[in-house]
Every structure is written in structure tokens, then in C-alpha cells.
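One file, final.cif, carrying mmCIF, C-alpha atoms:
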```cif
data_final
#
loop_
_atom_site.label_atom_id
_atom_site.label_comp_id
_atom_site.auth_asym_id
_atom_site.auth_seq_id
_atom_site.Cartn_x
_atom_site.Cartn_y
_atom_site.Cartn_z
CA MET A 25 -105.66 202.26 -230.09
CA SER A 26 -106.04 201.25 -226.48
CA VAL A 27 -103.56 202.40 -223.87
CA VAL A 28 -102.92 198.71 -223.24
CA PHE A 29 -101.04 198.56 -226.55
CA VAL A 30 -99.04 201.75 -226.04
CA PRO A 31 -95.57 201.53 -224.46
CA LYS A 32 -95.53 202.89 -220.90
CA LYS A 33 -93.17 205.76 -221.80
CA GLN A 34 -95.71 207.07 -224.35
CA ARG A 35 -98.83 206.72 -222.24
CA GLY A 36 -100.62 209.92 -221.34
CA LYS A 37 -98.84 211.96 -224.02
CA ALA A 38 -101.36 211.67 -226.83
CA GLN A 39 -103.80 214.47 -227.37
CA ILE A 40 -107.31 213.10 -227.70
CA ASP A 41 -109.80 215.49 -229.21
CA GLN A 42 -113.43 215.22 -230.22
CA GLU A 43 -112.46 214.63 -233.87
CA ILE A 44 -110.51 211.48 -233.04
CA ILE A 45 -113.34 210.17 -230.88
CA GLN A 46 -115.86 210.87 -233.64
CA ARG A 47 -113.69 209.08 -236.20
CA LEU A 48 -113.53 206.02 -233.93
CA LEU A 49 -117.29 206.10 -233.44
CA ASP A 50 -117.79 206.34 -237.21
CA GLU A 51 -115.37 203.46 -237.75
CA ASN A 52 -117.23 201.40 -235.15
CA ASP A 53 -120.50 202.09 -236.97
CA GLN A 54 -118.98 200.82 -240.21
CA LEU A 55 -117.51 197.77 -238.48
CA VAL A 56 -120.88 196.85 -236.99
CA ARG A 57 -122.47 197.16 -240.43
CA CYS A 58 -119.81 194.90 -241.97
CA ILE A 59 -120.14 192.35 -239.19
CA THR A 60 -123.92 192.33 -239.59
CA GLU A 61 -123.67 191.93 -243.35
CA TYR A 62 -121.26 189.02 -243.09
CA MET A 63 -123.39 187.35 -240.42
CA GLN A 64 -126.49 187.65 -242.60
CA LYS A 65 -124.58 185.99 -245.44
CA GLY A 66 -123.55 183.13 -243.15
CA ARG A 67 -119.88 184.10 -243.26
CA ALA A 68 -119.16 184.23 -239.53
CA THR A 69 -115.46 183.42 -239.89
CA GLU A 70 -114.89 186.66 -241.84
CA CYS A 71 -116.38 188.61 -238.92
CA VAL A 72 -113.59 187.75 -236.52
CA GLN A 73 -111.08 190.35 -237.74
CA TYR A 74 -113.74 193.07 -237.68
CA GLN A 75 -114.88 192.02 -234.22
CA GLN A 76 -111.30 192.25 -232.95
CA ILE A 77 -110.91 195.79 -234.33
CA LEU A 78 -114.30 196.78 -232.90
CA HIS A 79 -113.33 195.37 -229.51
CA ARG A 80 -110.02 197.25 -229.56
CA ASN A 81 -111.79 200.51 -230.43
CA ILE A 82 -114.41 200.05 -227.72
CA VAL A 83 -111.77 199.31 -225.09
CA TYR A 84 -109.84 202.40 -226.19
CA LEU A 85 -112.93 204.61 -226.04
CA GLY A 86 -113.73 203.20 -222.61
CA THR A 87 -110.21 203.97 -221.45
CA ILE A 88 -110.57 207.54 -222.69
CA ALA A 89 -113.94 207.89 -220.95
CA ASP A 90 -112.54 206.54 -217.68
CA ALA A 91 -109.57 208.91 -217.83
CA SER A 92 -111.62 211.98 -218.77
CA PRO A 93 -113.39 213.71 -215.89
CA ASN A 94 -115.32 215.99 -218.29
CA VAL A 95 -116.92 213.95 -221.05
CA PRO A 96 -118.86 216.17 -223.50
CA SER A 97 -122.62 215.72 -223.20
CA THR A 98 -122.88 214.86 -226.90
CA LEU A 99 -121.08 211.60 -226.18
CA THR A 100 -123.20 210.67 -223.18
CA THR A 101 -126.72 211.28 -224.47
CA PRO A 102 -128.91 208.17 -224.34
CA PHE A 103 -130.25 206.55 -227.48
CA GLN A 104 -133.28 208.22 -228.96
CA ASN A 105 -136.51 206.28 -228.43
CA GLY A 106 -134.61 203.84 -226.18
CA ASP A 107 -133.60 201.68 -229.16
CA PRO A 108 -129.88 201.72 -230.10
CA CYS A 109 -130.70 200.41 -233.58
CA ARG A 110 -132.96 203.36 -234.39
CA SER A 111 -130.96 206.34 -233.25
#
```

Mind converting the file's structure to C-alpha cells?
Amino acid sequence: MSVVFVPKKQRGKAQIDQEIIQRLLDENDQLVRCITEYMQKGRATECVQYQQILHRNIVYLGTIADASPNVPSTLTTPFQNGDPCRS
């Protein structure tokens, strides 16, 4: 969860490792798939809760990236073939 939602006294105390980041990335992948599926079925209102979770995860990952001077190269490699949908 984003640092924005963590009480100030607990900020900076969590250990963030590659496993947690990978789990969030996997969750984001699943959320995007669910959102896409609902949109294709014309059920946009059901997408809202998934979009909110996806947004929260992305903000959190961005916060981690901004706070981490040494981001592993596996997380910063560009999309293969320049197309994010075909990586």
C-alpha cells in the first residue's frame, strides 16, 4: 500500500524486497486483465474498484522507485519490441 496511507510513525520501517514488488506487479497484471474483460463485456461500472486498487498499487510502486536509489535492472528494462501489450 502507498506510503500515503501509512501513519507517519510507521513510514520508512517496512522492508520492501523484490518478492513484494513482484507480487504487486503480478497483481497489477491480473487487475488489468479483469478491467479489460469487464470493459469488453460493457460492464464499466464494475471496473471502478479494480481501477482504484490498480491506481493504489502503481502509486505505491512509484513511491518505492522514487525512494530507492538502486532499482534492480530487471525492473527497469524497457518493453520487448516496444509494445507493452506484447512483452

Rank A:Leu55, A:Met63, A:Ala91, A:Leu48 by their smallest atom-to-atom distance to Gln75 of chain A, using all atoms listed in the file, and report the top residue only.
-> A:Leu55

Please write the residues picked by the PyMOL selection byres ((chain A and resi 82) around 12) on this file as a ChimeraX atom specification.
-> /A:25-27,45,48-53,55-56,75-81,83-89

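Going from atom CA of Cys58 of chain A over to atom CA of Val72 of chain A, you cover 10.9 Å.
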
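Among the candidates A:Arg67, A:Tyr74, A:Ser92, A:Arg57, the one nearest to Asp41 of chain A when counting all atoms listed in the file is A:Ser92.
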
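Interatomic distance, atom CA of Ile59 of chain A against atom CA of Cys71 of chain A: 5.3 Å.
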
Adding 5 Å on each side of the box along x, y and z that holds all listed atoms of segment 54-72 of chain A, could you give its centre and edge lengths in Å to one decimal, as AutoDock Vina command-line options?
```
--center_x -120.0 --center_y 192.0 --center_z -241.0 --size_x 22.9 --size_y 27.7 --size_z 18.9
```
